[in-house]
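Source file start.cif; content: mmCIF, C-alpha atoms.
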```cif
data_query
#
loop_
_atom_site.label_atom_id
_atom_site.label_comp_id
_atom_site.auth_asym_id
_atom_site.auth_seq_id
_atom_site.Cartn_x
_atom_site.Cartn_y
_atom_site.Cartn_z
CA MET A 1 0.00 0.00 0.00
CA PRO A 2 1.53 3.35 -1.02
CA ALA A 3 2.21 6.04 1.56
CA THR A 4 -0.52 8.59 2.19
CA ARG A 5 -0.12 12.32 2.66
CA GLU A 6 -0.29 11.70 6.42
CA ASP A 7 2.47 9.07 6.16
CA LEU A 8 4.60 11.55 4.22
CA MET A 9 4.10 14.32 6.77
CA THR A 10 4.97 11.93 9.59
CA ARG A 11 8.16 10.87 7.81
CA LEU A 12 9.16 14.49 7.18
CA LYS A 13 8.67 15.28 10.89
CA GLU A 14 10.72 12.21 11.86
CA LEU A 15 13.52 13.58 9.70
CA GLY A 16 13.23 17.01 11.34
CA ILE A 17 12.14 18.59 8.07
CA GLU A 18 9.77 21.54 8.31
CA THR A 19 7.28 22.11 5.51
CA SER A 20 4.11 24.08 4.94
CA THR A 21 1.20 22.80 2.91
CA MET A 22 -1.60 24.66 1.13
CA ASP A 23 -4.76 22.77 0.18
CA HIS A 24 -6.38 23.74 -3.13
CA GLU A 25 -8.54 22.40 -5.92
CA PRO A 26 -6.92 19.49 -7.78
CA VAL A 27 -4.57 20.62 -10.54
CA PHE A 28 -3.40 18.34 -13.33
CA THR A 29 -1.14 20.54 -15.43
CA VAL A 30 1.44 23.29 -15.02
CA SER A 31 -0.98 25.80 -16.56
CA GLU A 32 -3.71 24.86 -14.09
CA SER A 33 -1.32 25.43 -11.20
CA SER A 34 -0.13 28.87 -12.37
CA LYS A 35 -2.44 30.59 -9.85
CA LEU A 36 -0.38 28.98 -7.08
CA ASP A 37 2.73 30.71 -8.43
CA ARG A 38 1.32 33.97 -7.12
CA GLU A 39 0.26 32.53 -3.76
CA LEU A 40 3.32 30.49 -2.81
CA GLU A 41 6.91 31.68 -2.76
CA GLY A 42 9.68 29.61 -4.26
CA GLY A 43 10.20 27.47 -7.30
CA HIS A 44 7.13 25.88 -8.84
CA THR A 45 7.81 22.61 -10.53
CA LYS A 46 6.93 19.87 -12.94
CA ASN A 47 7.87 16.22 -12.80
CA LEU A 48 8.57 13.85 -15.67
CA PHE A 49 8.47 10.09 -15.05
CA VAL A 50 10.46 8.56 -17.89
CA LYS A 51 12.11 5.28 -18.81
CA ASP A 52 14.91 4.41 -21.17
CA LYS A 53 15.25 1.59 -23.69
CA LYS A 54 16.71 -0.72 -21.02
CA GLY A 55 13.74 -0.10 -18.71
CA ARG A 56 15.65 2.15 -16.29
CA LEU A 57 13.34 4.67 -14.63
CA PHE A 58 14.01 8.35 -13.97
CA LEU A 59 12.08 11.06 -12.17
CA VAL A 60 13.14 14.36 -13.74
CA VAL A 61 12.13 17.38 -11.66
CA ALA A 62 12.43 20.92 -13.05
CA LEU A 63 10.88 24.35 -12.79
CA ALA A 64 7.31 24.47 -14.06
CA HIS A 65 8.09 26.50 -17.16
CA ALA A 66 11.47 24.95 -17.93
CA THR A 67 12.14 23.80 -21.47
CA ILE A 68 13.30 20.18 -21.61
CA ASP A 69 14.31 18.65 -24.92
CA LEU A 70 13.03 15.09 -24.61
CA LYS A 71 15.03 14.04 -27.67
CA GLN A 72 18.28 15.04 -25.93
CA LEU A 73 17.37 14.31 -22.30
CA HIS A 74 18.90 10.83 -22.35
CA LYS A 75 22.35 12.30 -23.02
CA VAL A 76 22.16 14.50 -19.93
CA ILE A 77 20.76 11.92 -17.49
CA GLY A 78 22.82 8.95 -18.65
CA ALA A 79 19.92 6.95 -20.05
CA GLN A 80 20.34 4.20 -22.64
CA GLY A 81 18.79 5.66 -25.79
CA ARG A 82 15.95 8.12 -25.95
CA VAL A 83 13.49 8.20 -23.09
CA SER A 84 9.73 7.86 -23.16
CA PHE A 85 7.12 8.58 -20.54
CA GLY A 86 6.30 5.77 -18.15
CA ASN A 87 2.64 4.78 -18.29
CA ALA A 88 0.11 5.29 -15.49
CA GLU A 89 0.29 1.66 -14.35
CA LEU A 90 4.07 1.75 -13.99
CA LEU A 91 3.89 5.11 -12.23
CA GLU A 92 1.43 3.77 -9.68
CA GLU A 93 3.37 0.51 -9.27
CA VAL A 94 6.71 2.18 -8.61
CA LEU A 95 5.91 5.59 -7.10
CA GLY A 96 2.41 4.96 -5.77
CA VAL A 97 0.86 8.08 -7.32
CA LYS A 98 -1.48 8.82 -10.19
CA PRO A 99 -0.67 10.99 -13.21
CA GLY A 100 -1.03 14.65 -12.23
CA SER A 101 0.30 13.92 -8.75
CA VAL A 102 3.89 13.07 -9.62
CA THR A 103 6.31 14.49 -7.08
CA PRO A 104 9.74 13.78 -5.63
CA PHE A 105 7.90 13.04 -2.37
CA ALA A 106 6.68 9.85 -4.10
CA LEU A 107 10.19 8.44 -3.72
CA ILE A 108 8.95 7.41 -0.27
CA ASN A 109 7.10 4.62 -2.11
CA ASP A 110 10.07 3.47 -4.21
CA THR A 111 11.38 1.02 -1.62
CA GLU A 112 13.07 -1.07 -4.32
CA HIS A 113 15.04 1.99 -5.52
CA ARG A 114 14.01 1.54 -9.13
CA VAL A 115 13.88 5.27 -9.89
CA THR A 116 16.84 7.60 -10.36
CA PRO A 117 15.85 11.11 -9.20
CA VAL A 118 17.23 13.88 -11.43
CA LEU A 119 16.84 17.44 -10.16
CA ASP A 120 17.38 20.27 -12.62
CA ALA A 121 20.24 22.55 -11.61
CA ALA A 122 18.21 25.71 -12.37
CA MET A 123 15.46 24.55 -10.00
CA MET A 124 17.99 23.90 -7.26
CA ALA A 125 18.96 27.58 -7.31
CA PHE A 126 15.71 28.28 -5.41
CA GLU A 127 15.85 28.07 -1.63
CA THR A 128 12.20 26.99 -1.39
CA LEU A 129 10.57 24.46 -3.73
CA ASN A 130 6.93 23.44 -4.13
CA TYR A 131 5.59 19.94 -4.80
CA HIS A 132 2.39 17.96 -4.41
CA PRO A 133 2.32 15.90 -1.20
CA LEU A 134 1.40 12.67 -3.08
CA SER A 135 -1.88 14.11 -4.38
CA ASN A 136 -2.62 17.06 -6.62
CA ASP A 137 -5.07 18.77 -4.25
CA ALA A 138 -2.34 20.41 -2.17
CA THR A 139 1.13 21.90 -2.53
CA THR A 140 3.90 21.51 0.02
CA SER A 141 6.79 23.96 0.30
CA ILE A 142 10.16 22.56 1.36
CA ALA A 143 13.64 24.01 1.63
CA ARG A 144 16.01 22.89 -1.12
CA ASP A 145 18.48 21.28 1.28
CA ASP A 146 15.64 19.50 3.08
CA LEU A 147 14.44 18.08 -0.23
CA LEU A 148 17.90 16.62 -0.80
CA ALA A 149 17.90 15.17 2.73
CA PHE A 150 14.46 13.63 2.17
CA VAL A 151 15.47 12.03 -1.14
CA ARG A 152 18.58 10.57 0.49
CA ALA A 153 16.53 9.32 3.47
CA CYS A 154 14.40 7.42 0.93
CA GLY A 155 17.56 5.60 -0.17
CA HIS A 156 18.17 7.54 -3.37
CA GLU A 157 21.12 9.68 -4.35
CA PRO A 158 19.72 12.68 -6.22
CA GLN A 159 21.50 13.77 -9.36
CA VAL A 160 21.54 17.54 -9.80
CA LEU A 161 22.04 18.06 -13.53
CA PRO A 162 21.38 20.82 -16.08
CA VAL A 163 18.43 19.08 -17.74
CA SER A 164 16.56 22.20 -18.80
CA GLU A 165 17.66 24.47 -21.62
CA GLU A 166 17.60 27.31 -19.07
CA ALA A 167 20.11 25.51 -16.81
CA ARG A 168 22.40 24.70 -19.71
CA ALA A 169 22.25 28.29 -21.01
CA ALA A 170 23.13 29.58 -17.54
CA GLY A 171 26.04 27.15 -17.39
CA GLU A 172 24.71 25.54 -14.21
CA GLU A 173 27.13 23.08 -12.69
CA THR A 174 26.22 19.62 -11.51
CA ALA A 175 26.28 18.91 -7.79
#
```
Could the structure of this file be written out as structure tokens, please?
Amino acid sequence: MPATREDLMTRLKELGIETSTMDHEPVFTVSESSKLDRELEGGHTKNLFVKDKKGRLFLVVALAHATIDLKQLHKVIGAQGRVSFGNAELLEEVLGVKPGSVTPFALINDTEHRVTPVLDAAMMAFETLNYHPLSNDATTSIARDDLLAFVRACGHEPQVLPVSEEARAAGEETA
């Protein structure tokens, strides 16, 4: 059974990570969530659940309006051949969330460590980041360093890479 929002909040507290969460109407796309940009400080984000030709899974997290060239993404993230989006069934199986609710917080459900988290370098320039807390009817704000600590506590080593065109243009370094 995948973790619930309450399970997530409990885990964050256990880790000593402070967050704030705003409930709102469900949002399914970046454009639907643009109203939240005005209400919440920090970087607003999008999440791409992709797989490569060998079946390796990646969760690519970037700023909401970042430009990501899917035809070139595999070269940046170290995938085998071009990537494609993972389907809804695979998403639910591995990360325990439905499409529209994808979030790095879902790594709490990836107990087999099948997913490689890739965080865009341009996004990581923000001190505060905003993600769904496992469902798209709320947004949780978390400090950048706390996000990294959470991902590591889930047993994943986050890769901070310049996946967006904006990060590459700014010459963002990998961490």
| request: Please write the residues picked by the PyMOL selection byres ((chain A and resi 19) around 6) on this file as a VMD selection string. | output: chain A and resid 18 20 141 to 142
Selected residues written out with C-alpha atoms, as a PDB file, in the coordinates of the input:
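Final file, part.pdb:
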```pdb
ATOM      1  CA  GLU A  18       9.770  21.540   8.310  1.00  0.00           C
ATOM      2  CA  SER A  20       4.110  24.080   4.940  1.00  0.00           C
ATOM      3  CA  SER A 141       6.790  23.960   0.300  1.00  0.00           C
ATOM      4  CA  ILE A 142      10.160  22.560   1.360  1.00  0.00           C
TER       5      ILE A 142
END
```
| Hits from the PyMOL selection byres ((chain A and resi 66-68) around 12), listed as number ranges by chain | A: 30, 43-48, 60-65, 69-74, 76-77, 120-123, 162-169
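The nearest approach to A:Leu12 among the residues A:Pro133, A:Pro117, A:Gly155, A:Gly171, with all atoms listed in the file taken into account, belongs to A:Pro133.
Among the candidates A:Ala170, A:Leu161, A:Ile108, A:Val97, the residue lying nearest to A:Thr10 is A:Ile108 (atoms considered: all atoms listed in the file).
Each of A:Val50, A:Ala143, A:Met9, A:Val115 was compared to A:Ala88 using all atoms listed in the file, and A:Val50 turns out to be the nearest.
Reported to one decimal place, the separation of atom CA of A:Thr103 from atom CA of A:Asp146 is 14.7 Å.
Selection result for the displayed file, with the PyMOL selection byres ((chain A and resi 8) around 10) as criterion, is A:Ala3, A:Thr4, A:Arg5, A:Glu6, A:Asp7, A:Met9, A:Thr10, A:Arg11, A:Leu12, A:Lys13, A:Glu14, A:Phe105, A:Ala106, A:Ile108, A:Asn109, A:Pro133, A:Leu134.
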| query | How many Å separate atom CA of A:Glu93 from atom CA of A:Arg56? | reply | 14.2 Å
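Across A:Val94, A:Leu59, A:Ala149, A:Thr111, the tightest approach to A:Gly16 is made by A:Ala149 when counting all atoms listed in the file.
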| remark: As a check of understanding: the span from atom CA of A:Glu89 to atom CA of A:His132 is 19.2 Å
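Nearest to A:Asn130 of all the residues A:Arg152, A:Arg114, A:His24, A:Arg144 is A:Arg144, based on all atoms listed in the file.
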| query | Within 10 Å of A:Leu57, counting all atoms listed in the file, which residues qualify if same-chain residues fewer than 3 places away don't, as number ranges by chain? | reply | A: 49-54, 60, 79, 83-86, 90-91, 94, 113-117
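In terms of minimum interatomic distance to A:Met124, A:Val160 ranks closest within A:Leu95, A:Val160, A:Leu107, A:Ala153, counting all atoms listed in the file.
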Please enclose the listed atoms of stretch 130-140 of chain A in an axis-aligned box, pad each side by 6 Å, and write out the centre and the three edge lengths in Å, rounded to one decimal, as lines of an AutoDock Vina configuration file.
```
center_x = 0.9
center_y = 18.1
center_z = -3.3
size_x = 24.0
size_y = 22.8
size_z = 18.6
```
